[in-house]
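Chemist: Next comes the structure file my_file15.txt, holding compact mmCIF, C-alpha atoms and all ligand atoms.
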# COMPACT_ATOMS: atom_id res chain seq x y z
CA MET A 1 14.57 23.57 40.02
CA PRO A 2 10.93 22.50 39.59
CA GLY A 3 10.35 19.06 38.07
CA PHE A 4 9.70 18.23 34.41
CA THR A 5 5.91 18.61 34.42
CA THR A 6 5.77 21.47 36.95
CA SER A 7 8.09 23.47 34.70
CA ILE A 8 5.91 22.92 31.64
CA VAL A 9 2.53 23.70 33.19
CA HIS A 10 3.80 26.91 34.84
CA SER A 11 5.94 28.05 31.91
CA ASP A 12 3.43 30.41 30.22
CA ARG A 13 2.42 32.27 33.34
CA ARG A 14 6.03 32.89 34.37
CA GLY A 15 6.38 34.79 31.09
CA GLY A 16 3.93 37.38 32.46
CA ILE A 17 0.67 37.22 30.50
CA GLU A 18 -1.82 40.09 30.30
CA HIS A 19 -4.84 39.79 32.68
CA GLY A 20 -3.11 36.94 34.53
CA SER A 21 -4.23 34.55 31.80
CA LEU A 22 -2.82 31.08 32.53
CA GLN A 23 -2.49 30.09 28.87
CA LYS A 24 -0.43 32.06 26.42
CA PRO A 25 -3.05 33.55 24.05
CA ILE A 26 -3.02 32.75 20.32
CA HIS A 27 -1.47 35.85 18.81
CA ALA A 28 -3.06 35.73 15.37
CA THR A 29 -0.91 38.49 13.95
CA VAL A 30 1.66 38.80 11.21
CA ALA A 31 3.14 42.19 12.03
CA TYR A 32 3.93 44.37 15.06
CA GLY A 33 3.56 48.17 15.21
CA TYR A 34 5.84 50.64 17.03
CA GLU A 35 5.11 54.21 18.23
CA ASP A 36 8.71 55.31 17.72
CA VAL A 37 10.33 54.30 14.45
CA GLN A 38 13.69 54.10 16.23
CA ASP A 39 12.30 51.09 18.17
CA LEU A 40 11.51 49.38 14.89
CA ALA A 41 15.00 50.12 13.56
CA ASP A 42 16.49 48.70 16.79
CA VAL A 43 14.63 45.42 16.22
CA PHE A 44 15.99 45.12 12.69
CA GLN A 45 19.52 45.98 13.75
CA GLY A 46 19.55 43.44 16.57
CA ARG A 47 19.69 46.01 19.42
CA SER A 48 16.27 44.95 20.69
CA ALA A 49 14.74 41.46 20.87
CA ALA A 50 11.18 42.70 20.20
CA TYR A 51 8.94 41.34 17.43
CA SER A 52 9.29 42.24 13.77
CA TYR A 53 7.49 39.95 11.33
CA GLY A 54 5.56 36.71 11.80
CA ARG A 55 7.70 34.51 9.55
CA GLN A 56 10.41 34.57 12.23
CA VAL A 57 8.71 35.48 15.50
CA ASN A 58 5.34 35.35 17.22
CA PRO A 59 4.67 35.48 20.99
CA THR A 60 2.65 32.23 20.97
CA ILE A 61 5.53 30.44 19.23
CA THR A 62 8.03 32.01 21.63
CA ALA A 63 6.02 30.57 24.57
CA LEU A 64 6.23 27.09 23.01
CA GLU A 65 9.95 27.52 22.26
CA THR A 66 10.50 28.38 25.93
CA LYS A 67 8.77 25.13 26.97
CA ILE A 68 10.68 22.90 24.54
CA ASN A 69 13.94 24.60 25.45
CA GLY A 70 13.33 23.93 29.14
CA MET A 71 12.41 20.28 28.48
CA GLU A 72 15.65 19.76 26.52
CA ARG A 73 17.76 21.95 28.86
CA GLY A 74 18.93 23.95 25.84
CA VAL A 75 20.28 27.48 25.40
CA ALA A 76 17.80 28.36 22.61
CA THR A 77 15.04 26.66 20.59
CA VAL A 78 13.43 27.49 17.24
CA CYS A 79 10.07 25.98 16.21
CA PHE A 80 8.95 25.01 12.70
CA GLY A 81 5.76 24.06 10.90
CA THR A 82 6.66 20.32 10.91
CA GLY A 83 9.43 18.02 12.10
CA MET A 84 10.64 17.69 8.50
CA ALA A 85 10.82 21.50 8.23
CA ALA A 86 12.99 21.50 11.37
CA ILE A 87 15.43 18.92 9.96
CA GLY A 88 15.50 20.39 6.44
CA THR A 89 15.97 23.97 7.60
CA LEU A 90 18.63 23.02 10.14
CA LEU A 91 20.77 21.23 7.55
CA PHE A 92 20.10 23.88 4.89
CA ALA A 93 21.36 26.56 7.28
CA LEU A 94 24.48 24.69 8.44
CA LEU A 95 25.75 22.81 5.36
CA ARG A 96 27.16 24.00 2.06
CA LYS A 97 27.98 22.49 -1.32
CA GLY A 98 30.98 20.15 -0.96
CA ASP A 99 30.21 19.35 2.68
CA HIS A 100 29.65 15.81 3.90
CA PHE A 101 27.75 14.39 6.85
CA VAL A 102 27.31 10.95 8.38
CA SER A 103 23.84 9.67 9.15
CA SER A 104 22.37 6.61 10.75
CA SER A 105 20.87 4.35 8.08
CA PHE A 106 18.04 3.47 10.49
CA LEU A 107 16.06 6.61 9.83
CA PHE A 108 12.53 7.91 9.67
CA GLY A 109 11.59 7.32 5.99
CA ASN A 110 11.03 10.97 5.06
CA THR A 111 14.35 12.00 6.61
CA ASN A 112 16.03 9.35 4.48
CA SER A 113 14.31 10.83 1.42
CA LEU A 114 15.40 14.37 2.40
CA PHE A 115 19.04 13.28 2.81
CA GLN A 116 19.00 11.71 -0.68
CA THR A 117 17.76 15.08 -1.96
CA PHE A 118 20.65 16.89 -0.25
CA GLY A 119 22.93 14.67 -2.34
CA LEU A 120 21.42 16.16 -5.52
CA HIS A 121 22.37 19.62 -4.22
CA GLY A 122 26.04 18.85 -3.61
CA VAL A 123 25.90 17.90 0.08
CA ASP A 124 27.04 14.31 0.39
CA VAL A 125 25.82 11.86 3.04
CA THR A 126 27.12 8.46 4.12
CA PHE A 127 24.60 6.14 5.80
CA VAL A 128 26.06 3.84 8.46
CA ASP A 129 24.89 1.40 11.12
CA ALA A 130 24.81 3.91 13.98
CA THR A 131 24.36 1.23 16.62
CA SER A 132 28.19 1.21 16.37
CA ALA A 133 30.26 4.39 16.93
CA ARG A 134 33.08 2.65 15.03
CA ALA A 135 30.94 2.56 11.86
CA VAL A 136 30.42 6.31 12.22
CA ALA A 137 34.15 6.90 12.78
CA GLU A 138 35.05 4.96 9.63
CA ALA A 139 32.80 7.20 7.51
CA ILE A 140 34.35 10.51 8.65
CA ARG A 141 36.18 12.51 5.95
CA PRO A 142 38.05 15.84 6.02
CA GLU A 143 34.91 17.61 4.74
CA THR A 144 32.56 15.95 7.27
CA ARG A 145 30.69 18.61 9.23
CA LEU A 146 28.20 16.74 11.39
CA VAL A 147 26.69 13.42 12.45
CA PHE A 148 22.91 12.83 12.46
CA VAL A 149 21.23 10.05 14.44
CA GLU A 150 17.83 9.15 15.89
CA THR A 151 17.46 7.75 19.40
CA ILE A 152 15.25 4.70 18.83
CA ALA A 153 14.77 3.96 15.14
CA ASN A 154 11.29 3.38 13.77
CA PRO A 155 10.06 0.73 12.92
CA ARG A 156 12.77 -1.81 13.91
CA THR A 157 13.71 -0.07 17.20
CA GLN A 158 17.51 -0.09 16.80
CA VAL A 159 19.14 2.13 19.44
CA ALA A 160 22.05 4.27 18.24
CA ASP A 161 25.32 4.26 20.21
CA LEU A 162 24.36 7.70 21.49
CA GLU A 163 27.14 7.95 24.07
CA GLY A 164 29.89 6.53 21.86
CA ILE A 165 28.99 8.84 18.98
CA GLY A 166 28.88 11.78 21.40
CA THR A 167 32.44 11.04 22.49
CA LEU A 168 33.55 10.57 18.88
CA CYS A 169 32.02 13.91 17.80
CA ARG A 170 33.73 15.71 20.67
CA GLU A 171 37.11 14.15 19.83
CA ARG A 172 36.79 14.91 16.13
CA GLY A 173 35.23 18.39 16.47
CA LEU A 174 32.00 17.46 14.68
CA ALA A 175 28.55 18.85 15.38
CA TYR A 176 26.25 16.15 16.75
CA VAL A 177 22.56 16.28 15.79
CA VAL A 178 20.16 13.95 17.62
CA ASP A 179 16.52 13.49 16.51
CA ASN A 180 14.83 12.87 19.87
CA THR A 181 11.29 12.42 18.48
CA MET A 182 10.92 8.74 19.35
CA THR A 183 11.95 9.17 22.98
CA SER A 184 10.95 12.83 23.57
CA PRO A 185 12.71 14.84 26.27
CA TYR A 186 10.69 12.97 28.90
CA LEU A 187 12.38 9.62 28.22
CA PHE A 188 15.79 10.98 27.19
CA GLN A 189 17.69 14.26 27.07
CA PRO A 190 20.37 14.15 24.35
CA VAL A 191 22.38 16.93 26.01
CA GLU A 192 23.53 14.17 28.40
CA VAL A 193 25.43 12.40 25.62
CA GLY A 194 26.92 15.63 24.27
CA ALA A 195 24.45 16.46 21.48
CA SER A 196 25.06 19.89 19.90
CA LEU A 197 21.61 20.24 18.37
CA ILE A 198 18.40 18.35 19.13
CA VAL A 199 15.48 17.87 16.75
CA ASN A 200 11.95 17.04 17.89
CA SER A 201 8.88 16.46 15.75
CA LEU A 202 6.27 18.07 17.99
CA THR A 203 3.62 16.27 15.95
CA LYS A 204 4.34 13.03 17.78
CA TYR A 205 4.68 12.57 21.58
CA ILE A 206 5.06 16.23 22.60
CA GLY A 207 1.82 17.36 20.91
CA GLY A 208 0.44 13.88 21.41
CA HIS A 209 -3.15 14.32 20.27
CA GLY A 210 -2.73 14.01 16.52
CA ASN A 211 -4.27 17.46 16.02
CA ALA A 212 -1.32 19.66 15.01
CA LEU A 213 1.98 19.43 13.12
CA GLY A 214 5.16 21.05 14.40
CA GLY A 215 8.90 20.69 14.82
CA ALA A 216 11.71 22.15 16.90
CA VAL A 217 15.50 22.52 16.91
CA THR A 218 17.24 23.08 20.25
CA GLU A 219 20.82 24.27 20.65
CA THR A 220 22.46 22.73 23.72
CA GLY A 221 25.40 25.12 24.04
CA ARG A 222 27.86 22.21 24.02
CA PHE A 223 29.50 22.93 20.64
CA ASP A 224 32.14 25.57 19.98
CA TRP A 225 30.90 27.14 16.75
CA THR A 226 34.08 29.26 16.41
CA THR A 227 35.61 26.09 14.89
CA TYR A 228 32.76 25.56 12.39
CA PRO A 229 33.45 26.94 8.91
CA ASN A 230 29.87 27.71 7.79
CA ILE A 231 28.74 30.37 10.25
CA GLN A 232 28.31 33.71 8.47
CA ASP A 233 30.13 36.71 9.93
CA THR A 234 26.86 38.55 10.70
CA TYR A 235 25.87 35.76 13.13
CA LYS A 236 29.24 35.60 14.89
CA LYS A 237 28.05 37.95 17.61
CA GLY A 238 27.70 37.32 21.32
CA ASP A 239 27.91 33.84 22.84
CA PRO A 240 29.46 31.37 20.30
CA ALA A 241 27.27 28.63 21.84
CA LYS A 242 24.28 30.29 20.11
CA TRP A 243 25.75 31.08 16.70
CA ALA A 244 24.27 28.02 14.98
CA ILE A 245 20.75 28.48 16.30
CA THR A 246 20.89 32.16 15.37
CA GLN A 247 21.85 31.23 11.80
CA VAL A 248 19.06 28.61 11.75
CA ARG A 249 16.51 31.23 12.78
CA LYS A 250 17.86 34.08 10.67
CA LYS A 251 18.92 32.24 7.53
CA GLY A 252 16.76 29.14 7.71
CA LEU A 253 13.46 30.43 9.00
CA ARG A 254 13.71 33.74 7.14
CA ASP A 255 14.95 32.41 3.80
CA PHE A 256 12.72 29.32 3.67
CA GLY A 257 9.64 30.36 5.65
CA PRO A 258 8.82 26.94 7.22
CA THR A 259 7.08 28.78 10.06
CA LEU A 260 4.85 27.23 12.72
CA GLY A 261 1.40 28.85 12.94
CA PRO A 262 0.18 30.29 16.27
CA GLU A 263 -2.92 28.05 16.44
CA ALA A 264 -0.81 24.91 16.01
CA ALA A 265 1.67 26.23 18.60
CA HIS A 266 -1.21 26.61 21.06
CA HIS A 267 -2.37 22.99 20.51
CA LEU A 268 1.20 21.71 20.86
CA GLY A 269 1.76 23.68 24.06
CA ILE A 270 -1.39 22.23 25.63
CA GLY A 271 -0.28 18.76 24.56
CA ALA A 272 3.17 19.25 26.09
CA GLU A 273 1.60 19.78 29.54
CA THR A 274 0.65 16.08 29.77
CA LEU A 275 3.67 14.57 27.97
CA ALA A 276 4.97 12.79 31.10
CA LEU A 277 1.54 11.39 32.06
CA ARG A 278 0.77 10.16 28.57
CA GLN A 279 4.16 8.63 27.97
CA GLU A 280 4.15 6.79 31.30
CA ARG A 281 0.85 5.17 30.32
CA GLN A 282 1.90 4.53 26.71
CA CYS A 283 5.12 2.83 27.81
CA THR A 284 3.32 0.66 30.38
CA ASN A 285 0.74 -0.33 27.77
CA ALA A 286 3.48 -1.09 25.21
CA ARG A 287 5.24 -3.34 27.69
CA ALA A 288 2.05 -5.31 28.40
CA LEU A 289 1.29 -5.74 24.68
CA VAL A 290 4.87 -6.79 23.94
CA ASP A 291 4.74 -9.41 26.71
CA PHE A 292 1.45 -10.75 25.34
CA LEU A 293 2.60 -10.89 21.71
CA ASN A 294 6.12 -12.14 22.45
CA GLY A 295 4.81 -15.39 23.92
CA HIS A 296 2.05 -15.89 21.35
CA ASP A 297 2.26 -18.87 18.97
CA LYS A 298 0.93 -16.82 16.03
CA VAL A 299 3.68 -14.21 16.40
CA ALA A 300 7.13 -14.95 14.98
CA ARG A 301 9.15 -12.03 16.36
CA VAL A 302 8.73 -8.84 18.40
CA TYR A 303 11.13 -5.88 18.19
CA TYR A 304 11.20 -3.75 21.33
CA PRO A 305 14.27 -2.40 23.19
CA GLY A 306 12.69 -3.46 26.50
CA LEU A 307 13.07 -7.15 25.60
CA PRO A 308 16.24 -8.77 27.02
CA ASP A 309 17.09 -10.36 23.64
CA HIS A 310 17.01 -7.00 21.82
CA PRO A 311 20.62 -6.29 20.64
CA GLU A 312 20.68 -2.84 22.33
CA HIS A 313 18.60 -3.77 25.37
CA ALA A 314 21.28 -2.84 27.95
CA ARG A 315 21.97 0.49 26.23
CA ALA A 316 18.27 1.38 26.08
CA MET A 317 17.76 0.54 29.76
CA ALA A 318 20.82 2.60 30.74
CA LEU A 319 19.94 5.69 28.68
CA PHE A 320 16.14 5.97 28.63
CA ARG A 321 13.58 6.35 31.43
CA HIS A 322 11.52 3.68 29.60
CA PRO A 323 12.36 1.80 26.39
CA GLY A 324 9.65 3.62 24.40
CA ALA A 325 6.03 3.09 23.40
CA LEU A 326 6.63 1.87 19.86
CA PHE A 327 7.29 -1.71 18.85
CA SER A 328 6.97 -3.85 15.74
CA PHE A 329 6.36 -7.52 15.14
CA GLU A 330 6.12 -10.21 12.48
CA LEU A 331 3.24 -12.70 12.39
CA ALA A 332 3.98 -16.42 12.10
CA ASP A 333 4.32 -17.78 8.55
CA GLY A 334 1.08 -18.21 6.67
CA ILE A 335 -0.93 -15.63 8.63
CA ASP A 336 -2.43 -12.91 6.44
CA ALA A 337 -1.29 -9.62 8.00
CA PHE A 338 -3.96 -7.53 6.29
CA ALA A 339 -6.77 -9.84 7.41
CA PHE A 340 -5.35 -9.75 10.95
CA MET A 341 -5.17 -5.96 10.96
CA ASN A 342 -8.67 -5.62 9.55
CA ARG A 343 -9.99 -7.62 12.51
CA LEU A 344 -8.52 -5.07 14.95
CA ASP A 345 -11.30 -2.86 16.24
CA VAL A 346 -9.87 -0.63 19.00
CA VAL A 347 -6.48 -0.35 17.28
CA ILE A 348 -6.65 2.04 14.31
CA LYS A 349 -4.96 1.41 10.96
CA SER A 350 -3.06 4.68 10.59
CA SER A 351 0.39 6.07 9.79
CA ASN A 352 0.96 8.48 12.67
CA LEU A 353 2.76 7.68 15.93
CA GLY A 354 2.83 9.14 19.43
CA ASP A 355 -0.96 9.62 19.39
CA ASN A 356 -3.23 8.97 22.40
CA ARG A 357 -4.84 6.21 20.30
CA THR A 358 -3.06 2.95 19.48
CA LEU A 359 -2.15 2.87 15.79
CA ALA A 360 -1.01 -0.02 13.58
CA ILE A 361 0.54 0.05 10.12
CA PRO A 362 1.94 -2.63 7.77
CA VAL A 363 5.43 -1.22 7.09
CA ALA A 364 6.53 -2.69 3.72
CA GLU A 365 3.28 -1.77 1.94
CA THR A 366 3.11 1.81 3.23
CA ILE A 367 5.80 3.95 4.86
CA TYR A 368 8.68 1.88 3.39
CA TYR A 369 6.98 1.02 0.09
CA GLU A 370 8.85 3.58 -2.05
CA MET A 371 12.21 2.23 -0.85
CA GLY A 372 11.78 -1.03 -2.68
CA PRO A 373 12.52 -4.59 -1.54
CA GLU A 374 16.34 -4.38 -1.62
CA ARG A 375 16.73 -1.32 0.62
CA ARG A 376 14.02 -2.75 2.91
CA ALA A 377 15.93 -6.02 3.21
CA SER A 378 19.15 -4.12 3.98
CA MET A 379 17.32 -2.33 6.80
CA GLY A 380 15.94 -5.58 8.20
CA ILE A 381 12.32 -4.77 7.30
CA ALA A 382 10.44 -8.03 6.65
CA ASP A 383 7.45 -7.95 4.28
CA SER A 384 5.17 -8.96 7.14
CA LEU A 385 6.39 -6.34 9.65
CA ILE A 386 3.62 -4.50 11.54
CA ARG A 387 4.41 -1.36 13.54
CA ILE A 388 2.43 -0.47 16.65
CA SER A 389 2.38 2.98 18.25
CA THR A 390 0.83 2.39 21.65
CA GLY A 391 -1.79 4.82 22.96
CA ILE A 392 -3.28 5.55 26.37
CA GLU A 393 -6.36 3.28 26.16
CA ASP A 394 -7.24 0.90 29.02
CA ILE A 395 -4.85 -2.01 28.65
CA GLU A 396 -7.63 -4.64 29.02
CA ASP A 397 -9.23 -3.29 25.84
CA LEU A 398 -5.97 -3.38 23.90
CA LEU A 399 -5.12 -6.91 25.05
CA ALA A 400 -8.63 -8.12 24.20
CA ASP A 401 -8.42 -6.53 20.75
CA PHE A 402 -5.09 -8.17 19.85
CA GLY A 403 -6.32 -11.40 21.42
CA GLN A 404 -9.48 -11.64 19.32
CA ALA A 405 -7.71 -10.58 16.11
CA LEU A 406 -5.10 -13.34 16.57
CA ALA A 407 -7.58 -15.97 17.77
CA ALA A 408 -9.65 -15.71 14.60
CA GLU A 409 -6.77 -17.14 12.49
C1 LIG B 501 7.57 12.01 12.31
C2 LIG B 501 9.03 12.15 12.44
C3 LIG B 501 9.70 13.23 11.84
C4 LIG B 501 8.99 14.24 11.00
O1 LIG B 501 8.03 14.96 11.71
P1 LIG B 501 6.75 15.64 10.99
O2 LIG B 501 6.24 16.53 12.06
O3 LIG B 501 5.82 14.54 10.60
O4 LIG B 501 7.26 16.38 9.80
C5 LIG B 501 11.07 13.31 12.01
N1 LIG B 501 11.75 12.39 12.72
C6 LIG B 501 11.14 11.35 13.31
C7 LIG B 501 11.96 10.37 14.09
C8 LIG B 501 9.76 11.19 13.19
O5 LIG B 501 9.16 10.14 13.78
Let me see the structure of the file written as structure tokens.
Ligand SMILES: *Cc1c(COP(=O)(O)O)cnc(C)c1O
Modeler:
Amino acid sequence: MPGFTTSIVHSDRRGGIEHGSLQKPIHATVAYGYEDVQDLADVFQGRSAAYSYGRQVNPTITALETKINGMERGVATVCFGTGMAAIGTLLFALLRKGDHFVSSSFLFGNTNSLFQTFGLHGVDVTFVDATSARAVAEAIRPETRLVFVETIANPRTQVADLEGIGTLCRERGLAYVVDNTMTSPYLFQPVEVGASLIVNSLTKYIGGHGNALGGAVTETGRFDWTTYPNIQDTYKKGDPAKWAITQVRKKGLRDFGPTLGPEAAHHLGIGAETLALRQERQCTNARALVDFLNGHDKVARVYYPGLPDHPEHARAMALFRHPGALFSFELADGIDAFAFMNRLDVVIKSSNLGDNRTLAIPVAETIYYEMGPERRASMGIADSLIRISTGIEDIEDLLADFGQALAAE
């Protein structure tokens, strides 16, 4: 088996591209024509896997799905227009009114908002501290269908008990959905802890350049969908390990239309080629910044799973290739966070993460503003918390930038 990066950079050409092109071309088409109408009928009736209509399939998207699927060692992958579209469509396709699921309470803010919305539509969710598998176990009910967790939570960097929850889900027959965005398949492959379905926002580390949105759902083949009540009879064909992903593509992508465009898929595929290189550099840079800030007298606290005093430090070191490129910190009392951030020159004030550029954001005033002070407090988000997504810049420039911005106080 070729290595992680070799597999990605040679993936397109192994698919056999016209003229020996090394990049999968951007197929800017909505529809596909057939000489023989029987061929078209075969596509619609599932006898042929050829292309029908662009809301569900496009060759450029297929090439990206092949790459993501290989990175996650899945049995099938479906791409979406955004990471949120991937999560929303996945749950829409697999849950019904009256169902319940358990979710980590340390969640990407928009996912939290989406799960509240599911509640309005009759699908109930219980939020628990997923750093403990016991907390997940206590929330399970007869109508519980699945468990949803992230790997490293943003912005406070809690690490879910990924292995313990995997064991629990297997014992209790629950589907296990892991959002791998913060680690990416380079740092961690959730199939190793028994995940049934993996979500990635391609917008972040996999695309990496902040130039395209995208999302993906990968089926690992580890769950026996014959025991799952919500698979429609039409999709109970062939290998039961693929029933869920088939329903996600057929029901979710077709009914909702949260389709990824071919131009974005092309950008994301190019980005994916350098995922390992970028993330190595980002993680090394993050570690150097954390070490600088952690000892600084104008910094009160740094949250990073690579620090020995982080509550899930041992777990992070055991599971992940590196403990990530994102960290957050609180300034010492009396230091004006906005004035500090405005003095940063190389570091950009921005809300994205996983970009090649280092980005900083004040959490309580922006991404967690709508939640209000009580929910923020319950999630351990201090008013002064600043989140840093480390980029690939030269570390001397990043250290100098933080140094001058702190020295001016
Ligand atoms: C950004 C993010 C998402 C959503 O992805 P978009 O592509 O922005 O829709 C989902 N989960 C996590 C953990 C994220 O960081």
Chemist: With ligand LIG 501 (chain B) as the partner and 6 Å as the cut-off, tabulate the residues of chain A that qualify, each row holding the nearest pair of atoms and their distance in Å to one decimal, using only C-alpha atoms and all ligand atoms, sorted by chain and rising number, as a tab-separated table.
Modeler:
residue	atom	partner	partner_atom	distance
A:Thr82	CA	B:LIG501	O2	4.0
A:Gly83	CA	B:LIG501	O1	3.4
A:Met84	CA	B:LIG501	O4	3.9
A:Phe108	CA	B:LIG501	C7	5.1
A:Thr181	CA	B:LIG501	C7	4.9
A:Met182	CA	B:LIG501	C7	5.6
A:Ser201	CA	B:LIG501	O1	4.4
A:Thr203	CA	B:LIG501	O2	4.7
A:Leu213	CA	B:LIG501	O2	5.3
A:Gly214	CA	B:LIG501	O2	5.2
A:Gly215	CA	B:LIG501	O2	5.7
Chemist: Taking 6 positions as the minimum chain separation for residues in the same chain, which residues sit within 8 Å of Ala316 in chain A when counting all atoms listed in the file? Answer as a PyMOL selection string.
Modeler: chain A and resi 159+305-306+322-323
Chemist: Quick one: residues within 9 Å of (24.4, 29.2, 13.1) (file frame), counting all atoms listed in the file, please, as a ChimeraX atom specification.
Modeler: /A:90,93-94,225,230-232,235-236,242-251
Chemist: Using all atoms listed in the file, can you tell me which of A:Tyr176, A:Phe327, A:Phe106, A:Phe80 comes closest to Ala265 in chain A?
Modeler: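 Ranked by minimum distance to Ala265 in chain A, first place goes to A:Phe80.
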Chemist: Counting only C-alpha atoms, select every polymer residue within 10 Å of (30.7, 11.0, 16.8) as defined in the file's coordinates, and provide the selection as a PyMOL selection string.
Modeler: chain A and resi 102+130+133-137+140+146-149+161-177+194-195
Chemist: Extract, using only C-alpha atoms, all DNA, RNA and protein residues at most 7 Å from Leu344 in chain A, discarding same-chain residues fewer than 3 positions from it, and format them as JSON, numbers by chain.
Modeler: {"A": [340, 341, 347, 401, 402, 405]}
Chemist: For Ser11 in chain A, which residue among A:Asp291, A:Glu374, A:Glu273, A:Glu393 is the nearest when counting only C-alpha atoms?
Modeler: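 Closest residue, counting only C-alpha atoms: A:Glu273.
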Chemist: Using all atoms listed in the file, which residue out of A:Leu319, A:Cys283, A:Ile395, A:Ala28 lies closest to Phe188 in chain A?
Modeler: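 Distance minimum relative to Phe188 in chain A lands on A:Leu319.
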Chemist: Of the residues A:Asp394, A:Asp336, A:Asp383, A:Asp129, which is the one nearest to Ala286 in chain A, using only C-alpha atoms?
Modeler: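 Checking each of A:Asp394, A:Asp336, A:Asp383, A:Asp129 against Ala286 in chain A, counting only C-alpha atoms, the winner is A:Asp394.
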Chemist: Looking at A:Val30, A:Val363, A:Met379, A:Ile392, which one is nearest to Gln282 in chain A, with distances taken over all atoms listed in the file?
Modeler: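 Smallest separation from Gln282 in chain A among the options: A:Ile392.
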Chemist: Skipping near chain neighbours, those fewer than 5 positions away, what residues fall within 10 Å of Ser21 in chain A using all atoms listed in the file, listed as a ChimeraX atom specification?
Modeler: /A:12-13,16
Chemist: Save out the residues we just selected, C-alpha atoms, as an mmCIF file, keeping the file's coordinate frame.
Modeler:
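The resulting selection-v9.cif:
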data_model
loop_
_atom_site.group_PDB
_atom_site.id
_atom_site.type_symbol
_atom_site.label_atom_id
_atom_site.label_comp_id
_atom_site.auth_asym_id
_atom_site.auth_seq_id
_atom_site.Cartn_x
_atom_site.Cartn_y
_atom_site.Cartn_z
ATOM 1 C CA ASP A 12 3.430 30.410 30.220
ATOM 2 C CA ARG A 13 2.420 32.270 33.340
ATOM 3 C CA GLY A 16 3.930 37.380 32.460
#
Chemist: Between CA of Val302 in chain A and CA of Asn285 in chain A, measure the distance and give it in Å to one decimal.
Modeler: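 Distance reported for this atom pair: 15.0 Å.
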Chemist: Quick check, in Å to one decimal: how far apart do CA of Glu219 in chain A and CA of Ala31 in chain A lie?
Modeler: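 Taking CA of Glu219 in chain A as the start and CA of Ala31 in chain A as the end point, the length is 26.6 Å.
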Chemist: For CA of Ala216 in chain A and CA of Arg254 in chain A, quote the distance in Å rounded to one decimal.
Modeler: 15.3 Å
Chemist: Name the closest residue to Gly3 in chain A among the candidates A:Thr366, A:Thr117, A:Tyr186, A:Ile270; distances are taken between atoms, counting all atoms listed in the file.
Modeler: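 Once distances to Gly3 in chain A are computed over all atoms listed in the file, the minimum belongs to A:Tyr186.
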Chemist: So which residues touch Asn211 in chain A within 12 Å, counting only C-alpha atoms, skipping near sequence neighbours fewer than 3 positions away, as an mmCIF file with C-alpha atoms, in the coordinates of the input?
Modeler:
data_model
loop_
_atom_site.group_PDB
_atom_site.id
_atom_site.type_symbol
_atom_site.label_atom_id
_atom_site.label_comp_id
_atom_site.auth_asym_id
_atom_site.auth_seq_id
_atom_site.Cartn_x
_atom_site.Cartn_y
_atom_site.Cartn_z
ATOM 1 C CA LEU A 202 6.270 18.070 17.990
ATOM 2 C CA THR A 203 3.620 16.270 15.950
ATOM 3 C CA LYS A 204 4.340 13.030 17.780
ATOM 4 C CA TYR A 205 4.680 12.570 21.580
ATOM 5 C CA ILE A 206 5.060 16.230 22.600
ATOM 6 C CA GLY A 207 1.820 17.360 20.910
ATOM 7 C CA GLY A 208 0.440 13.880 21.410
ATOM 8 C CA GLY A 214 5.160 21.050 14.400
ATOM 9 C CA GLU A 263 -2.920 28.050 16.440
ATOM 10 C CA ALA A 264 -0.810 24.910 16.010
ATOM 11 C CA ALA A 265 1.670 26.230 18.600
ATOM 12 C CA HIS A 266 -1.210 26.610 21.060
ATOM 13 C CA HIS A 267 -2.370 22.990 20.510
ATOM 14 C CA LEU A 268 1.200 21.710 20.860
ATOM 15 C CA GLY A 269 1.760 23.680 24.060
ATOM 16 C CA ILE A 270 -1.390 22.230 25.630
ATOM 17 C CA GLY A 271 -0.280 18.760 24.560
ATOM 18 C CA ASN A 352 0.960 8.480 12.670
ATOM 19 C CA GLY A 354 2.830 9.140 19.430
ATOM 20 C CA ASP A 355 -0.960 9.620 19.390
ATOM 21 C CA ASN A 356 -3.230 8.970 22.400
#
Chemist: Output as CSV one row per residue of range 258-369 of chain A within 8 Å of range 151-158 of chain A: the closest atom pair and its distance in Å to one decimal place, counting all atoms listed in the file, sorted by chain and residue number ascending.
Modeler:
residue,atom,partner,partner_atom,distance
A:Tyr303,CA,A:Arg156,CA,6.1
A:Tyr304,CA,A:Thr157,CA,6.1
A:Pro305,CA,A:Thr157,CA,6.5
A:Pro311,CA,A:Gln158,CA,7.9
A:Glu312,CA,A:Gln158,CA,6.9
A:Gly324,CA,A:Ile152,CA,8.0
A:Leu326,CA,A:Thr157,CA,7.8
A:Phe327,CA,A:Thr157,CA,6.8
A:Ser328,CA,A:Pro155,CA,6.2
A:Val363,CA,A:Pro155,CA,7.7
